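The next block holds one structure in the form of structure tokens; read it before the comments.
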Amino acid sequence: MKLSKTLVAIAVLLTAMPCSGRTASTHPDSCGHHPTASPTRPAVAEQLWQSFLMPPDSIRVGCYYYWVNEQVDPEGVRKDLEWMKQNGITLAFLATDIRNSLSGDDQKNRQTFGKNKFQSRLWWKNLRTALRTASELGIEMGLFNCPGWSQSGGPWVQPHEAMRNWTPEGVEVCKTKEGTDVVCSPCSPEAEGLEVDKLSKTHVQKHFEAFIGKILRRIPAKDRRTLTTVVVDSWERGKQNYTDSIFEKFQQRYGYPLDYHDDACKKDLDRLIADLVASEYMGGLTEKAHEYGLRTWCEPYAHSPFPANSISYGSAADEVAAEFWVDDSKFRKKEVDAALGAARRSGKNRVWAESFTDGWPKLAQDDWTFEKLRPIADRYFHAGINATILHVVVSQPGDDRKPAVRPWFGTYFDRRSKHAAELKPLVNYLRRCNFMLQLGKPVPDTTDQRVMADGTHIRFTDKSQFEITFPDGTRELWDPLTKKTQNETADRHNGKEQGM
């Protein structure tokens, strides 16, 4: 991660400045309050405290931004992005075609359909409006690398470029359990297409050019100045065991011929496939993204059989993410371990999380509150998450008299939510936690402690406060909720004096 000028200044000060005191700031914060501060705190610590209260712009809380059931219009897109900016969301990952499998309107299941057909004139107008408006507002944008949210496919993928399996009857396109072709989803019929071969960089990069590349060629650079990221969601497309050059690659790797009839080949074939998914698929997407000055962001785990190794797969991307749900009865250890392991192995500072997913097995409800979500976020901050993507902001009609778009999934962080007023306090809280947990480097064998270059130690406590221990032994507690601080060292010292 590139440090902002503010963070660089903090790092320099923490290393080089003497511990001289200065009067604490008396300026109110963005809410009009006067945060507490120690009048004797060293200048370097005071600057860190002020950055904690108002984190630098480089600390971005983001969201998944979904266009659902083709109910998208330019005025609504502008309002969506203005809403994000007003509430502190400065990163949005756009999925341009999310659609229920129902063929028509179904009010019982909350499904109505609009006119934003995939790659229609309106779709292109909406996309350009989104990218241009985000550029004007300073919101970073990412694009899912295909229609739907999973995985990498589209109508441009031909059968010989698709995920395929070798069978005794011959090579065939991969099938689902129901016997249908494996396609990108959930998306409209116009956008649906075969999933691309994940073992061939050639086919993967052709897919990239057919979707992301086409967008980059069609929308002028001046209208997409803040487009930075290509998004790859969690793996949901099953396995494949064949690609064009699989026999040659197997022979070259292991020194003996691949025979699908021989069970002795299976372990070696599985290892080869895992390596190819990381290098040819994720590595291929990242290589192509870099050619356009973009980065990749991925979730290195599966909600279906996963043919890859999470560590090597995530290491091939620029950014990695876990996921956690509002129904937190089951801690998402698999997802967290995959993202954290890939980040630590490849030297990535940020460990993102797609945060507050909801809606399965029951339909999602607009029932979130700050107090309901905060302890869930804290649990995953303790587990090693230090960057947040909210799931989900759904595009709403520009005409506010129209019914809100309410999909079957997600926590509704959009401007039509009944709890819209609670979004900004939540985002401010998340940004303060993200800021502190991205400082310095992780303390070995911990997930919620950091150490800075000068030895300043940061720990996220069980009470969801940050315990800061400065090099001189001074210790303070900083509360990201109340924005208050407590000098533990002074309290202990005064307690001893009073007890004498």
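Ordered as shown in the structure tokens, chains take letters A, B, and onward, while each chain numbers its residues from 1 and ligands are numbered from 1 in the order shown.
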Margin query: I'd like to know which residues of range 317-464 of chain A are strand (DSSP E or B) (by DSSP, run on the backbone); could you write them as a PyMOL selection string?
Written below: chain A and resi 319-325+352-357+387-394+441-442+449-451+457-460
Report the closest atom pair, with its distance in Å rounded to one decimal, for each residue of range 114-219 of chain A that has an atom no farther than 10 Å from range 82-99 of chain A; count only C-alpha atoms, sort by chain and then rising residue number, and write it as a tab-separated table.
residue	atom	partner	partner_atom	distance
A:Asn116	CA	A:Asp97	CA	8.7
A:Lys117	CA	A:Asp97	CA	8.3
A:Phe118	CA	A:Asp97	CA	6.7
A:Gln119	CA	A:Thr96	CA	9.4
A:Trp123	CA	A:Thr96	CA	8.3
A:Asn126	CA	A:Thr96	CA	9.4
A:Leu127	CA	A:Thr96	CA	7.9
A:Ala130	CA	A:Leu94	CA	9.1
A:Leu131	CA	A:Leu94	CA	9.8
A:Thr133	CA	A:Glu82	CA	8.3
A:Ala134	CA	A:Glu82	CA	8.5
A:Leu137	CA	A:Lys85	CA	7.0
A:Gly138	CA	A:Thr90	CA	7.0
A:Ile139	CA	A:Thr90	CA	4.4
A:Glu140	CA	A:Leu91	CA	4.6
A:Met141	CA	A:Ala92	CA	5.0
A:Gly142	CA	A:Phe93	CA	4.3
A:Leu143	CA	A:Leu94	CA	4.9
A:Phe144	CA	A:Ala95	CA	5.3
A:Asn145	CA	A:Ala95	CA	8.4
A:Cys146	CA	A:Ala95	CA	8.0
A:Pro147	CA	A:Asp97	CA	5.3
A:Gly148	CA	A:Ile98	CA	4.9
A:Trp149	CA	A:Ala95	CA	6.5
A:Ser150	CA	A:Ala95	CA	10.0
A:Ser185	CA	A:Ile98	CA	7.7
A:Pro186	CA	A:Arg99	CA	5.6
A:Cys187	CA	A:Arg99	CA	4.5
A:Ser188	CA	A:Arg99	CA	5.5
A:Pro189	CA	A:Arg99	CA	9.0
A:Glu190	CA	A:Asp97	CA	9.7
A:Ala191	CA	A:Asp97	CA	7.4
A:Glu192	CA	A:Asp97	CA	9.6
With N, CA, C and O atoms retained, export the selected residues as a tab-separated table (two decimals), in the first residue's frame.
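The file below, part21.tsv, is the result:
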chain	number	residue	atom	x	y	z
A	116	ASN	N	-32.12	-1.44	-18.41
A	116	ASN	CA	-30.66	-1.35	-18.52
A	116	ASN	C	-30.07	-2.67	-19.02
A	116	ASN	O	-29.31	-3.34	-18.33
A	117	LYS	N	-30.43	-3.05	-20.25
A	117	LYS	CA	-29.97	-4.31	-20.82
A	117	LYS	C	-28.47	-4.29	-21.03
A	117	LYS	O	-27.89	-3.27	-21.39
A	118	PHE	N	-27.84	-5.44	-20.82
A	118	PHE	CA	-26.39	-5.54	-20.88
A	118	PHE	C	-25.84	-5.03	-22.20
A	118	PHE	O	-26.24	-5.46	-23.27
A	119	GLN	N	-24.91	-4.08	-22.09
A	119	GLN	CA	-24.21	-3.46	-23.22
A	119	GLN	C	-25.15	-2.80	-24.24
A	119	GLN	O	-24.79	-2.61	-25.40
A	123	TRP	N	-27.03	1.05	-21.02
A	123	TRP	CA	-26.00	0.45	-20.16
A	123	TRP	C	-24.68	1.22	-20.30
A	123	TRP	O	-24.04	1.55	-19.29
A	126	ASN	N	-25.00	4.62	-18.67
A	126	ASN	CA	-24.94	4.50	-17.20
A	126	ASN	C	-23.52	4.23	-16.72
A	126	ASN	O	-23.09	4.79	-15.71
A	127	LEU	N	-22.80	3.38	-17.45
A	127	LEU	CA	-21.43	3.06	-17.04
A	127	LEU	C	-20.54	4.29	-17.15
A	127	LEU	O	-19.74	4.58	-16.24
A	130	ALA	N	-21.32	6.61	-14.35
A	130	ALA	CA	-20.77	6.14	-13.08
A	130	ALA	C	-19.28	6.46	-12.98
A	130	ALA	O	-18.81	7.00	-11.96
A	131	LEU	N	-18.53	6.13	-14.01
A	131	LEU	CA	-17.08	6.34	-13.96
A	131	LEU	C	-16.73	7.82	-13.96
A	131	LEU	O	-15.80	8.25	-13.25
A	133	THR	N	-18.72	10.37	-12.88
A	133	THR	CA	-19.14	10.94	-11.60
A	133	THR	C	-18.18	10.56	-10.49
A	133	THR	O	-17.83	11.39	-9.64
A	134	ALA	N	-17.75	9.30	-10.47
A	134	ALA	CA	-16.78	8.86	-9.46
A	134	ALA	C	-15.49	9.65	-9.58
A	134	ALA	O	-14.89	10.03	-8.57
A	137	LEU	N	-15.93	13.04	-8.05
A	137	LEU	CA	-16.09	12.99	-6.59
A	137	LEU	C	-14.87	12.44	-5.86
A	137	LEU	O	-14.82	12.48	-4.64
A	138	GLY	N	-13.91	11.91	-6.60
A	138	GLY	CA	-12.74	11.32	-5.96
A	138	GLY	C	-13.01	9.95	-5.37
A	138	GLY	O	-12.35	9.54	-4.41
A	139	ILE	N	-13.95	9.23	-5.95
A	139	ILE	CA	-14.25	7.86	-5.51
A	139	ILE	C	-13.51	6.88	-6.41
A	139	ILE	O	-13.70	6.89	-7.63
A	140	GLU	N	-12.66	6.05	-5.82
A	140	GLU	CA	-12.01	5.00	-6.60
A	140	GLU	C	-13.05	3.98	-7.05
A	140	GLU	O	-13.97	3.65	-6.31
A	141	MET	N	-12.86	3.47	-8.27
A	141	MET	CA	-13.79	2.49	-8.80
A	141	MET	C	-13.07	1.20	-9.17
A	141	MET	O	-11.92	1.20	-9.60
A	142	GLY	N	-13.79	0.11	-8.98
A	142	GLY	CA	-13.36	-1.18	-9.50
A	142	GLY	C	-14.48	-1.78	-10.32
A	142	GLY	O	-15.65	-1.43	-10.14
A	143	LEU	N	-14.15	-2.66	-11.23
A	143	LEU	CA	-15.15	-3.36	-12.04
A	143	LEU	C	-15.00	-4.86	-11.85
A	143	LEU	O	-13.88	-5.40	-11.93
A	144	PHE	N	-16.11	-5.53	-11.57
A	144	PHE	CA	-16.08	-6.98	-11.61
A	144	PHE	C	-15.68	-7.41	-13.02
A	144	PHE	O	-16.09	-6.79	-14.01
A	145	ASN	N	-14.90	-8.47	-13.12
A	145	ASN	CA	-14.27	-8.80	-14.40
A	145	ASN	C	-15.19	-9.54	-15.37
A	145	ASN	O	-14.76	-9.95	-16.44
A	146	CYS	N	-16.49	-9.66	-15.00
A	146	CYS	CA	-17.45	-10.29	-15.89
A	146	CYS	C	-18.85	-9.93	-15.44
A	146	CYS	O	-19.03	-9.38	-14.34
A	147	PRO	N	-19.88	-10.23	-16.22
A	147	PRO	CA	-21.25	-10.06	-15.75
A	147	PRO	C	-21.52	-10.98	-14.56
A	147	PRO	O	-20.89	-12.02	-14.40
A	148	GLY	N	-22.51	-10.60	-13.74
A	148	GLY	CA	-22.75	-11.34	-12.51
A	148	GLY	C	-21.67	-11.00	-11.50
A	148	GLY	O	-20.97	-10.00	-11.61
A	149	TRP	N	-21.55	-11.85	-10.47
A	149	TRP	CA	-20.44	-11.65	-9.54
A	149	TRP	C	-19.44	-12.80	-9.58
A	149	TRP	O	-18.39	-12.75	-8.96
A	150	SER	N	-19.77	-13.85	-10.32
A	150	SER	CA	-18.86	-14.98	-10.38
A	150	SER	C	-18.96	-15.62	-11.77
A	150	SER	O	-20.05	-15.83	-12.28
A	185	SER	N	-22.50	-15.95	-13.48
A	185	SER	CA	-23.82	-15.72	-12.88
A	185	SER	C	-23.67	-14.90	-11.59
A	185	SER	O	-22.56	-14.72	-11.10
A	186	PRO	N	-24.80	-14.44	-11.03
A	186	PRO	CA	-26.14	-14.42	-11.60
A	186	PRO	C	-26.31	-13.19	-12.49
A	186	PRO	O	-26.04	-12.07	-12.05
A	187	CYS	N	-26.72	-13.37	-13.72
A	187	CYS	CA	-26.80	-12.25	-14.65
A	187	CYS	C	-27.92	-12.48	-15.65
A	187	CYS	O	-28.56	-13.54	-15.65
A	188	SER	N	-28.14	-11.48	-16.48
A	188	SER	CA	-29.23	-11.54	-17.45
A	188	SER	C	-28.90	-12.51	-18.58
A	188	SER	O	-27.73	-12.83	-18.81
A	189	PRO	N	-29.91	-12.97	-19.30
A	189	PRO	CA	-29.65	-13.89	-20.42
A	189	PRO	C	-28.70	-13.29	-21.46
A	189	PRO	O	-27.89	-14.01	-22.05
A	190	GLU	N	-28.80	-11.97	-21.67
A	190	GLU	CA	-27.93	-11.32	-22.66
A	190	GLU	C	-26.47	-11.34	-22.25
A	190	GLU	O	-25.58	-11.32	-23.11
A	191	ALA	N	-26.21	-11.36	-20.94
A	191	ALA	CA	-24.84	-11.29	-20.43
A	191	ALA	C	-24.24	-12.65	-20.11
A	191	ALA	O	-23.03	-12.78	-19.95
A	192	GLU	N	-25.07	-13.65	-20.02
A	192	GLU	CA	-24.62	-14.98	-19.60
A	192	GLU	C	-23.75	-15.62	-20.68
A	192	GLU	O	-24.00	-15.49	-21.87
Item checked: Distance in Å - CA of Leu437 in chain A versus CA of Glu488 in chain A -> 20.4 Å
Next item on the list: Please provide the set of residues having any atom within 7 Å of Val427 in chain A, restricted to only C-alpha atoms, with same-chain residues fewer than 4 positions apart removed, written as an MDAnalysis selection string.
Entry: chainID A and resid 61 88 423 431
Atoms to include: C-alpha atoms. Write the selected residues as a PDB file, in the first residue's frame.
ATOM      1  CA  VAL A  61     -13.993   2.185   3.180  1.00  0.00           C
ATOM      2  CA  GLY A  88     -17.497   8.515   3.589  1.00  0.00           C
ATOM      3  CA  LEU A 423     -24.225   4.730   7.615  1.00  0.00           C
ATOM      4  CA  ARG A 431     -12.135   3.991   8.924  1.00  0.00           C
TER       5      ARG A 431
END
Next item on the list: List every residue of range 55-262 of chain A that DSSP, applied to the backbone of this structure, assigns to helix (DSSP H, G or I), and report them as an MDAnalysis selection string.
Entry: chainID A and resid 74:86 107:109 121:137 159:161 201:218 221:223 246:254
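Among the candidate residues A:Ser51, A:Thr485, A:Thr446, A:Thr129, the one lying nearest to Arg224 in chain A is A:Thr129, with distances computed using only C-alpha atoms.
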Item checked: Exercise: Lys222 in chain A partners within 12 Å, only C-alpha atoms, chain neighbours under 2 positions left out, as a ChimeraX atom specification -> /A:128,131-136,216-220,224-227
Could the residues of range 371-459 of chain A that have an atom at most 12 Å from range 297-320 of chain A be listed as a tab-separated table, each with its closest atom pair and the distance in Å to one decimal, counting only C-alpha atoms and ordered by chain and ascending residue number?
residue	atom	partner	partner_atom	distance
A:Ile385	CA	A:Val320	CA	10.5
A:Asn386	CA	A:Val320	CA	11.2
A:Ala387	CA	A:Val320	CA	10.0
A:Thr388	CA	A:Val320	CA	11.4
A:Ile389	CA	A:Trp297	CA	11.4
Would you export the selected residues with all heavy atoms as a compact mmCIF listing (two decimals), in the first residue's frame, please?
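That gives us part11.txt:
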# COMPACT_ATOMS: atom_id res chain seq x y z
N ILE A 385 -8.50 -8.77 9.86
CA ILE A 385 -9.04 -7.91 8.82
C ILE A 385 -8.69 -6.45 9.15
O ILE A 385 -8.83 -6.02 10.29
CB ILE A 385 -10.57 -8.08 8.72
CG1 ILE A 385 -10.92 -9.53 8.36
CG2 ILE A 385 -11.16 -7.10 7.72
CD1 ILE A 385 -10.29 -10.03 7.08
N ASN A 386 -8.26 -5.70 8.13
CA ASN A 386 -7.93 -4.29 8.38
C ASN A 386 -8.36 -3.36 7.24
O ASN A 386 -7.90 -2.22 7.16
CB ASN A 386 -6.44 -4.11 8.68
CG ASN A 386 -5.54 -4.46 7.50
OD1 ASN A 386 -6.00 -4.77 6.40
ND2 ASN A 386 -4.24 -4.41 7.74
N ALA A 387 -9.26 -3.83 6.37
CA ALA A 387 -9.78 -3.00 5.29
C ALA A 387 -11.19 -3.50 4.95
O ALA A 387 -11.41 -4.71 4.90
CB ALA A 387 -8.88 -3.05 4.05
N THR A 388 -12.11 -2.57 4.71
CA THR A 388 -13.52 -2.91 4.68
C THR A 388 -14.18 -2.60 3.34
O THR A 388 -14.05 -1.49 2.82
CB THR A 388 -14.28 -2.15 5.78
OG1 THR A 388 -13.67 -2.42 7.06
CG2 THR A 388 -15.74 -2.55 5.83
N ILE A 389 -14.90 -3.59 2.81
CA ILE A 389 -15.80 -3.42 1.67
C ILE A 389 -17.21 -3.79 2.15
O ILE A 389 -17.45 -4.93 2.55
CB ILE A 389 -15.40 -4.34 0.49
CG1 ILE A 389 -14.05 -3.93 -0.08
CG2 ILE A 389 -16.49 -4.32 -0.59
CD1 ILE A 389 -14.07 -2.67 -0.92
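The environment of Glu354 in chain A within 10 Å, counting only C-alpha atoms and disregarding residues fewer than 3 places along the same chain, consists of A:Gly62, A:Cys63, A:Tyr64, A:Asp233, A:Glu299, A:Ala321, A:Ala322, A:Glu323, A:Phe324, A:Trp325, A:Thr357, A:Ala387, A:Thr388, A:Ile389, A:Leu390, A:His391, A:Val392.
The interatomic distance for the pair CA of Asn100 in chain A and CA of Arg406 in chain A works out to 11.4 Å.
Closest approach to Ala210 in chain A among A:Asp262, A:Ala162, A:Trp156, A:Gly384 is made by A:Trp156 (distances from only C-alpha atoms).
Distance-wise, CA of Thr229 in chain A and CA of Arg295 in chain A end up 4.9 Å apart.
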Item checked: Spatial neighbours of range 412-420 of chain A, max dist 9 Å, only C-alpha atoms, sep filter under 4 positions, as a ChimeraX atom specification -> /A:63,79-80,83-84,364-370,390-396,400,404-406,424
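Distances from A:Val231, A:Leu481, A:Arg432, A:Ser346 to Glu371 in chain A were compared using only C-alpha atoms, and the smallest one belongs to A:Leu481.
Across A:Leu48, A:Leu53, A:Phe250, A:Ile458, the tightest approach to Lys484 in chain A is made by A:Leu53 when counting only C-alpha atoms.
Closest approach to Gln465 in chain A among A:His203, A:Lys402, A:Arg271, A:Lys483 is made by A:Lys483 (distances from only C-alpha atoms).
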Check: Taking only C-alpha atoms into account, which of A:Leu258, A:Leu340, A:Val44, A:Val204 comes nearest Leu272 in chain A?
Finding: A:Leu258
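For Asp181 in chain A, the list of residues within 10 Å, based on only C-alpha atoms and with local chain neighbours fewer than 6 positions off taken out, reads Pro159, Ala162, Met163, Arg164, Glu172, Val173, Cys174, Lys175, Gly193, Leu194 and Glu195 of chain A.
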